[in-house]
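Q: My file is final.txt. It has compact mmCIF, C-alpha atoms (C1' of nucleotides):
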```
# COMPACT_ATOMS: atom_id res chain seq x y z
CA MET A 1 16.11 -4.15 -11.77
CA PRO A 2 18.17 -6.49 -9.72
CA GLU A 3 17.12 -9.36 -7.58
CA LEU A 4 19.50 -12.12 -6.60
CA PRO A 5 19.80 -13.68 -10.08
CA GLU A 6 20.61 -10.33 -11.64
CA VAL A 7 23.19 -9.55 -8.97
CA GLU A 8 24.76 -12.99 -9.40
CA THR A 9 24.79 -12.53 -13.19
CA THR A 10 26.55 -9.21 -12.65
CA ARG A 11 29.05 -10.79 -10.27
CA ARG A 12 29.95 -13.53 -12.72
CA GLY A 13 30.25 -11.02 -15.52
CA ILE A 14 32.62 -8.63 -13.76
CA ALA A 15 34.64 -11.01 -11.58
CA PRO A 16 37.08 -12.14 -14.33
CA TYR A 17 37.97 -8.51 -15.02
CA LEU A 18 38.49 -7.62 -11.36
CA GLN A 19 40.15 -10.59 -9.70
CA GLN A 20 43.78 -9.94 -8.84
CA ARG A 21 43.68 -6.55 -10.53
CA LYS A 22 44.96 -3.43 -8.88
CA VAL A 23 42.72 -0.39 -8.52
CA LEU A 24 44.75 2.57 -9.80
CA SER A 25 42.23 5.26 -8.95
CA VAL A 26 38.64 5.91 -8.02
CA VAL A 27 36.37 8.55 -9.53
CA ILE A 28 33.30 9.49 -7.53
CA ARG A 29 31.04 11.75 -9.62
CA GLN A 30 27.99 11.51 -7.39
CA PRO A 31 28.65 10.64 -3.74
CA ARG A 32 25.00 10.97 -2.78
CA LEU A 33 23.74 7.43 -3.17
CA ARG A 34 21.49 5.72 -0.65
CA TRP A 35 24.21 6.47 1.86
CA PRO A 36 27.03 8.90 1.11
CA VAL A 37 30.06 7.24 -0.44
CA PRO A 38 32.63 7.36 2.38
CA LYS A 39 35.66 9.61 1.97
CA ALA A 40 37.78 6.80 3.38
CA LEU A 41 37.07 4.76 0.27
CA SER A 42 38.47 7.41 -2.06
CA ASN A 43 41.51 7.75 0.20
CA GLU A 44 42.22 4.10 0.89
CA LEU A 45 41.10 2.08 -2.13
CA PRO A 46 43.65 3.22 -4.74
CA GLY A 47 46.60 0.84 -4.75
CA ASN A 48 44.54 -2.08 -3.43
CA VAL A 49 44.36 -5.42 -5.21
CA ILE A 50 40.87 -6.90 -5.57
CA ARG A 51 41.33 -10.38 -4.18
CA ALA A 52 37.84 -11.72 -4.77
CA VAL A 53 34.37 -10.69 -5.93
CA GLU A 54 31.73 -12.19 -3.71
CA ARG A 55 28.04 -11.84 -3.07
CA ARG A 56 25.95 -11.92 0.08
CA GLY A 57 22.25 -11.58 -0.69
CA LYS A 58 22.04 -8.73 -3.14
CA TYR A 59 25.25 -7.12 -1.88
CA LEU A 60 28.36 -7.43 -4.00
CA LEU A 61 31.53 -7.62 -1.92
CA LEU A 62 34.86 -6.67 -3.44
CA ASP A 63 37.45 -8.10 -1.14
CA CYS A 64 40.38 -5.68 -1.37
CA THR A 65 43.78 -5.56 0.27
CA VAL A 66 42.87 -3.36 3.26
CA ALA A 67 39.05 -3.47 3.32
CA THR A 68 35.92 -4.57 1.48
CA ALA A 69 33.93 -2.46 -0.97
CA ILE A 70 30.19 -3.12 -0.56
CA ILE A 71 28.10 -2.39 -3.62
CA HIS A 72 24.31 -2.61 -3.83
CA LEU A 73 22.48 -2.02 -7.11
CA GLY A 74 19.25 -0.79 -5.51
CA MET A 75 16.34 -0.77 -7.93
CA SER A 76 18.05 0.62 -11.00
CA GLY A 77 21.79 0.07 -10.63
CA SER A 78 24.18 -1.77 -12.90
CA LEU A 79 27.92 -2.37 -13.21
CA ARG A 80 29.78 -2.57 -16.48
CA ILE A 81 33.35 -3.10 -17.57
CA VAL A 82 34.12 -0.29 -19.98
CA ASP A 83 36.94 1.29 -21.91
CA PRO A 84 38.44 4.30 -20.06
CA LYS A 85 37.85 6.40 -23.15
CA LEU A 86 34.09 5.87 -22.95
CA LYS A 87 32.61 9.14 -21.72
CA PRO A 88 30.54 8.79 -18.55
CA ALA A 89 26.83 9.37 -18.99
CA LYS A 90 24.44 11.24 -16.75
CA HIS A 91 23.91 8.55 -14.12
CA ASP A 92 27.38 7.01 -14.11
CA HIS A 93 28.15 7.74 -10.47
CA PHE A 94 31.52 6.10 -9.93
CA ASP A 95 34.45 4.38 -11.68
CA PHE A 96 37.17 2.08 -10.42
CA VAL A 97 40.11 2.46 -12.81
CA LEU A 98 41.99 -0.82 -13.08
CA ASP A 99 45.59 -1.65 -13.96
CA SER A 100 44.29 -3.60 -16.97
CA SER A 101 43.26 -0.37 -18.70
CA LYS A 102 39.65 -1.23 -18.06
CA VAL A 103 37.19 0.59 -15.85
CA LEU A 104 34.46 -0.75 -13.58
CA ARG A 105 31.62 1.74 -14.02
CA TYR A 106 28.50 2.03 -11.85
CA THR A 107 25.25 3.45 -13.23
CA ASP A 108 22.13 4.04 -11.13
CA PRO A 109 19.46 6.56 -12.20
CA ARG A 110 17.41 6.26 -9.02
CA ARG A 111 20.39 6.23 -6.65
CA PHE A 112 18.86 3.62 -4.35
CA GLY A 113 22.09 1.69 -4.50
CA CYS A 114 25.21 2.22 -2.43
CA LEU A 115 28.99 2.03 -2.31
CA LEU A 116 30.44 1.51 1.15
CA TRP A 117 33.85 0.62 2.55
CA HIS A 118 34.37 -1.64 5.52
CA SER A 119 37.56 -2.82 7.14
CA GLY A 120 37.53 -5.86 9.40
CA ASP A 121 35.14 -8.80 9.31
CA ILE A 122 32.59 -8.09 6.59
CA HIS A 123 30.05 -10.37 8.26
CA LYS A 124 29.92 -7.93 11.15
CA HIS A 125 28.91 -5.02 8.94
CA TRP A 126 25.51 -3.59 9.88
CA LEU A 127 24.05 -4.26 6.42
CA ILE A 128 25.26 -7.85 6.37
CA ASN A 129 25.09 -9.15 9.90
CA HIS A 130 21.33 -9.52 10.18
CA LEU A 131 20.86 -11.27 6.82
CA GLY A 132 19.11 -14.62 6.61
CA PRO A 133 20.46 -17.65 4.74
CA GLU A 134 21.39 -17.78 1.09
CA PRO A 135 18.44 -19.41 -0.69
CA LEU A 136 20.59 -21.64 -2.89
CA THR A 137 22.42 -23.29 -0.01
CA ASP A 138 21.33 -26.07 2.33
CA ASP A 139 21.07 -23.52 5.13
CA PHE A 140 17.76 -22.53 3.60
CA SER A 141 14.91 -25.00 3.96
CA GLY A 142 11.18 -25.38 4.50
CA GLU A 143 11.93 -26.24 8.06
CA LEU A 144 13.62 -22.89 8.55
CA LEU A 145 10.70 -21.02 6.97
CA HIS A 146 8.28 -22.95 9.15
CA GLU A 147 10.26 -22.23 12.27
CA SER A 148 10.57 -18.48 11.67
CA SER A 149 6.87 -18.25 10.77
CA ARG A 150 5.59 -19.42 14.16
CA LYS A 151 6.34 -16.28 16.15
CA ARG A 152 4.55 -13.75 13.97
CA ASN A 153 1.53 -13.08 11.82
CA ILE A 154 2.06 -11.61 8.38
CA ALA A 155 1.14 -12.50 4.79
CA VAL A 156 3.47 -15.02 3.19
CA LYS A 157 4.57 -12.84 0.26
CA PRO A 158 6.08 -9.98 2.27
CA PHE A 159 7.48 -12.63 4.63
CA ILE A 160 9.61 -14.37 2.01
CA MET A 161 10.79 -10.96 0.78
CA GLU A 162 12.30 -10.13 4.19
CA SER A 163 16.08 -10.27 4.12
CA GLN A 164 16.17 -11.55 7.71
CA VAL A 165 14.15 -14.59 6.64
CA VAL A 166 15.97 -15.38 3.41
CA VAL A 167 18.03 -13.11 1.17
CA GLY A 168 17.57 -12.39 -2.48
CA VAL A 169 13.84 -12.89 -3.00
CA GLY A 170 12.49 -9.68 -4.50
CA ASN A 171 9.11 -8.89 -5.92
CA ILE A 172 9.38 -10.77 -9.21
CA TYR A 173 10.62 -14.04 -7.77
CA ALA A 174 8.34 -13.86 -4.72
CA ASN A 175 5.35 -13.74 -7.08
CA GLU A 176 6.76 -16.56 -9.19
CA ALA A 177 7.76 -18.83 -6.32
CA LEU A 178 4.34 -18.56 -4.69
CA PHE A 179 2.67 -19.43 -7.97
CA LEU A 180 4.91 -22.46 -8.45
CA ALA A 181 4.23 -23.55 -4.87
CA GLY A 182 0.47 -23.06 -5.24
CA ILE A 183 0.32 -20.75 -2.24
CA HIS A 184 -1.87 -17.64 -2.17
CA PRO A 185 0.29 -14.54 -1.52
CA THR A 186 -1.98 -13.16 1.20
CA ARG A 187 -2.09 -16.40 3.18
CA SER A 188 -0.99 -15.96 6.77
CA ILE A 189 2.39 -17.51 7.49
CA ARG A 190 0.88 -19.25 10.54
CA ARG A 191 -1.54 -21.13 8.37
CA ILE A 192 0.99 -22.89 6.18
CA SER A 193 2.13 -26.41 7.06
CA LEU A 194 5.71 -27.62 7.18
CA ALA A 195 5.00 -29.75 4.12
CA ARG A 196 3.94 -26.70 2.15
CA TYR A 197 6.97 -24.72 3.37
CA ASP A 198 9.14 -27.54 2.03
CA ILE A 199 7.50 -27.06 -1.34
CA LEU A 200 7.84 -23.29 -1.14
CA ALA A 201 11.53 -23.47 -0.26
CA SER A 202 12.24 -25.77 -3.19
CA CYS A 203 10.24 -23.50 -5.52
CA ILE A 204 12.31 -20.50 -4.40
CA LYS A 205 15.51 -22.45 -5.07
CA ASP A 206 14.17 -23.62 -8.40
CA VAL A 207 13.05 -20.24 -9.70
CA LEU A 208 16.23 -18.43 -8.59
CA GLY A 209 18.44 -21.20 -9.92
CA ARG A 210 16.77 -21.23 -13.31
CA ALA A 211 16.90 -17.43 -13.56
CA ILE A 212 20.64 -17.42 -12.85
CA LYS A 213 21.19 -20.06 -15.54
CA VAL A 214 19.72 -17.83 -18.22
CA GLY A 215 21.22 -14.55 -17.05
CA GLY A 216 18.42 -13.04 -14.99
CA THR A 217 15.21 -11.32 -15.96
CA THR A 218 15.29 -8.36 -18.29
CA LEU A 219 12.30 -6.13 -17.78
CA ARG A 220 12.83 -2.62 -19.00
CA ASP A 221 16.54 -2.28 -18.88
CA PHE A 222 18.46 -4.97 -17.06
CA THR A 223 21.41 -6.25 -19.00
CA SER A 224 24.38 -8.20 -17.78
CA SER A 225 27.72 -6.52 -17.36
CA SER A 226 28.48 -7.31 -20.99
CA GLY A 227 25.23 -5.68 -22.07
CA GLU A 228 23.24 -8.80 -22.86
CA ALA A 229 19.61 -9.23 -21.96
CA GLY A 230 18.50 -11.90 -19.50
CA TYR A 231 16.09 -14.44 -20.84
CA PHE A 232 14.02 -15.30 -17.79
CA LYS A 233 11.16 -13.01 -18.72
CA GLN A 234 9.70 -15.57 -21.06
CA SER A 235 9.55 -18.06 -18.19
CA LEU A 236 7.48 -15.86 -15.90
CA PHE A 237 4.09 -17.31 -14.97
CA VAL A 238 2.53 -14.38 -13.14
CA TYR A 239 4.78 -11.34 -12.74
CA GLY A 240 3.70 -8.60 -15.13
CA ARG A 241 0.76 -10.72 -16.33
CA GLY A 242 -2.16 -9.36 -14.27
CA GLY A 243 -5.44 -9.72 -16.20
CA LEU A 244 -3.95 -12.29 -18.59
CA GLU A 245 -4.72 -16.00 -18.61
CA CYS A 246 -2.98 -18.32 -16.17
CA LYS A 247 -0.54 -20.43 -18.18
CA ARG A 248 -1.54 -23.46 -16.15
CA CYS A 249 -5.34 -23.32 -15.90
CA GLY A 250 -6.54 -20.44 -18.07
CA GLU A 251 -8.16 -18.48 -15.24
CA LEU A 252 -7.59 -14.71 -15.45
CA LEU A 253 -4.73 -13.70 -13.14
CA LYS A 254 -5.57 -11.25 -10.37
CA GLU A 255 -3.38 -8.26 -9.52
CA ILE A 256 -3.48 -6.58 -6.12
CA ARG A 257 -1.19 -4.43 -3.99
CA LEU A 258 0.20 -6.18 -0.95
CA ALA A 259 2.53 -4.25 1.34
CA GLN A 260 2.80 -1.62 -1.42
CA ARG A 261 4.09 -4.12 -3.95
CA SER A 262 2.38 -5.31 -7.07
CA THR A 263 1.21 -8.85 -6.48
CA VAL A 264 -0.09 -11.20 -9.17
CA PHE A 265 -1.62 -14.62 -8.59
CA CYS A 266 -4.06 -17.21 -9.87
CA SER A 267 -6.97 -17.68 -7.50
CA LYS A 268 -7.55 -21.22 -8.77
CA CYS A 269 -3.96 -22.46 -8.66
CA GLN A 270 -2.99 -20.69 -5.43
CA ARG A 271 -4.74 -21.24 -2.11
C1' DA B 1 7.95 -6.61 19.83
C1' DT B 2 5.62 -6.39 15.60
C1' DG B 3 3.94 -4.30 11.48
C1' DC B 4 2.91 -0.64 8.64
C1' DG B 5 3.81 3.47 5.95
C1' DG B 6 7.19 6.67 4.48
C1' DA B 7 11.46 7.75 2.82
C1' DC B 8 15.22 7.86 -0.54
C1' DC B 9 15.42 9.13 -6.33
C1' DT B 10 14.56 9.35 -11.54
C1' DG B 11 12.56 7.52 -15.68
C1' DT B 12 8.79 5.54 -18.16
C1' DT B 13 4.19 4.86 -19.12
C1' DA B 14 -0.79 5.42 -18.76
C1' DG B 15 -4.44 8.46 -18.71
C1' DC B 16 -6.72 12.74 -19.33
C1' DT C 1 0.95 16.58 -28.42
C1' DG C 2 1.52 17.76 -23.71
C1' DC C 3 0.84 17.71 -18.91
C1' DT C 4 0.20 15.02 -14.59
C1' DA C 5 0.02 11.10 -11.81
C1' DA C 6 1.10 6.58 -10.86
C1' DC C 7 4.29 3.12 -10.82
C1' DA C 8 8.91 0.57 -11.05
C1' DG C 9 13.34 -4.62 -9.83
C1' DG C 10 15.06 -2.53 -2.76
C1' DT C 11 15.28 -2.00 2.00
C1' DC C 12 16.04 0.83 6.19
C1' DC C 13 13.89 3.77 9.65
C1' DG C 14 10.50 5.69 12.62
C1' DC C 15 6.19 5.63 14.53
C1' DA C 16 1.93 3.47 16.15
```
The structure in this file should be written as structure tokens.

A:
Amino acid sequence: MPELPEVETTRRGIAPYLQQRKVLSVVIRQPRLRWPVPKALSNELPGNVIRAVERRGKYLLLDCTVATAIIHLGMSGSLRIVDPKLKPAKHDHFDFVLDSSKVLRYTDPRRFGCLLWHSGDIHKHWLINHLGPEPLTDDFSGELLHESSRKRNIAVKPFIMESQVVVGVGNIYANEALFLAGIHPTRSIRRISLARYDILASCIKDVLGRAIKVGGTTLRDFTSSSGEAGYFKQSLFVYGRGGLECKRCGELLKEIRLAQRSTVFCSKCQR
DNA sequence: ATGCGGACCTGTTAGC
DNA sequence: TGCTAACAGGTCCGCA
């Protein structure tokens, strides 16, 4: 489900309900997520005030009084603000009960997500400290892509999906950004000029920015924290359209597997 | 050091 | 209709 735009949509949806609220209690129904939910969180979080709800890459960071809760949605996770009376469903793995008589509820059928607890500088956490720049800031540029592409040899699509290179570009938006930039997904990163990396960087910014504006991409089941669908799906040029006509030139779109991920492109528009 | 495949899970869909 | 296999938005780890 969630790439950067979906995580940002979630953050914006839940932040108003969490900021400056006290966590009265925590209910962990399923501690076995990607990593076990730490016992210290259950012990230490109750009584904390949530000072801010931030995001680094696809990680949501709840800045609390004594530490930071790190939440990742994995492939199938979502966060909702619900009424405490609403009975938890099968995959509702944890709740934060708030002093506003609302509950932050986490759902994740595949359990690829996580809930961790870190005291001290969050930027030193092992999941956060190796992350590349945020794509929507000026830290991220074609120049940076060009520079980090010189040392290695790999196809460009898996390259832009690496969190050390740039955060937040998952499979959907990698496919889309490469289409917009006119770059073939299997092209070697060493054989792309600085000028084309400039275009690629701005296409990544553009596609992520537009997706955030309309609330993310709803495929099967993504909805925002208020339960609304995202509207980006109708703007997709290639993702999920293998075998259909290219919206730009009419050529039939090709679909291949590249680094185990479904990859769709137009062989006329992308070189 | 780099790059690939496997691993973690469940639900949905396509195909027989 | 029912079973099975493949596939799905992520990302870390271990091995070659």

Q: Select residues of chain A: the criterion is any atom within 9 Å of an atom of chain C, counting only C-alpha atoms (C1' of nucleotides); output as a list in words.

A: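 Using only C-alpha atoms (C1' of nucleotides), chain A residues at most 9 Å from chain C: Met1, Pro2, Glu3, Leu73, Gly74, Met75, Ser76, Phe112, Gly113, Glu162, Ser163, Gly170, Asn171, Ile172, Leu219 and Phe222 of chain A.
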
Q: At a cut-off of 8 Å, can you tabulate as CSV every residue of chain B near chain A together with its closest atom pair and the distance in Å to one decimal, using only C-alpha atoms (C1' of nucleotides) and ordering rows by chain then number?

A:
```
residue,atom,partner,partner_atom,distance
B:DT2,C1',A:Arg152,CA,7.6
B:DC8,C1',A:Arg34,CA,6.6
B:DC9,C1',A:Arg110,CA,4.4
B:DT10,C1',A:Arg110,CA,4.9
B:DG11,C1',A:Pro109,CA,7.8
```

Q: Please, what distance in Å, to one decimal, runs between atom CA of Ile189 of chain A and atom CA of Arg210 of chain A?

A: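 Separating atom CA of Ile189 of chain A from atom CA of Arg210 of chain A is a distance of 25.6 Å.
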
Q: So which residues touch Leu98 of chain A within 12 Å, counting only C-alpha atoms (C1' of nucleotides), skipping near sequence neighbours fewer than 3 positions away, as JSON, numbers by chain?

A: {"A": [17, 18, 19, 20, 21, 22, 23, 24, 25, 26, 27, 45, 46, 47, 48, 49, 50, 81, 82, 83, 84, 95, 101, 102, 103, 104, 105]}

Q: In Å, rounded to a single decimal, give me how far atom CA of Trp117 of chain A is from atom CA of Ala40 of chain A.

A: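 Atom CA of Ala40 of chain A sits 7.4 Å away from atom CA of Trp117 of chain A.
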
Q: Between atom CA of Thr68 of chain A and atom CA of His118 of chain A, what is the spacing in Å?

A: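 Atom-to-atom, atom CA of His118 of chain A and atom CA of Thr68 of chain A are spaced 5.2 Å apart.
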
Q: Which one is closest to Glu134 of chain A: A:Cys269, A:Leu4, A:Ile122, A:Ile192? Count all atoms listed in the file.

A: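 Checking each candidate against Glu134 of chain A, we get A:Leu4 as the closest.
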
Q: Select, from A:Ala195, A:Val264, A:Ala174, A:Ala181, the residue with the minimum atom-to-atom distance to Leu208 of chain A, counting only C-alpha atoms.

A: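 Closest to Leu208 of chain A, using only C-alpha atoms: A:Ala174.
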
Q: For Glu143 of chain A, please output as a ChimeraX atom specification all residues within 8 Å (counting only C-alpha atoms (C1' of nucleotides); exclusion window: fewer than 3 positions along the same chain).

A: /A:146-147,194,197-198

Q: Using only C-alpha atoms (C1' of nucleotides), which protein or nucleic acid residues come within 8 Å of Arg29 of chain A? Drop anything in the same chain fewer than 3 positions from it, and give the result as a PyMOL selection string.

A: chain A and resi 92-94
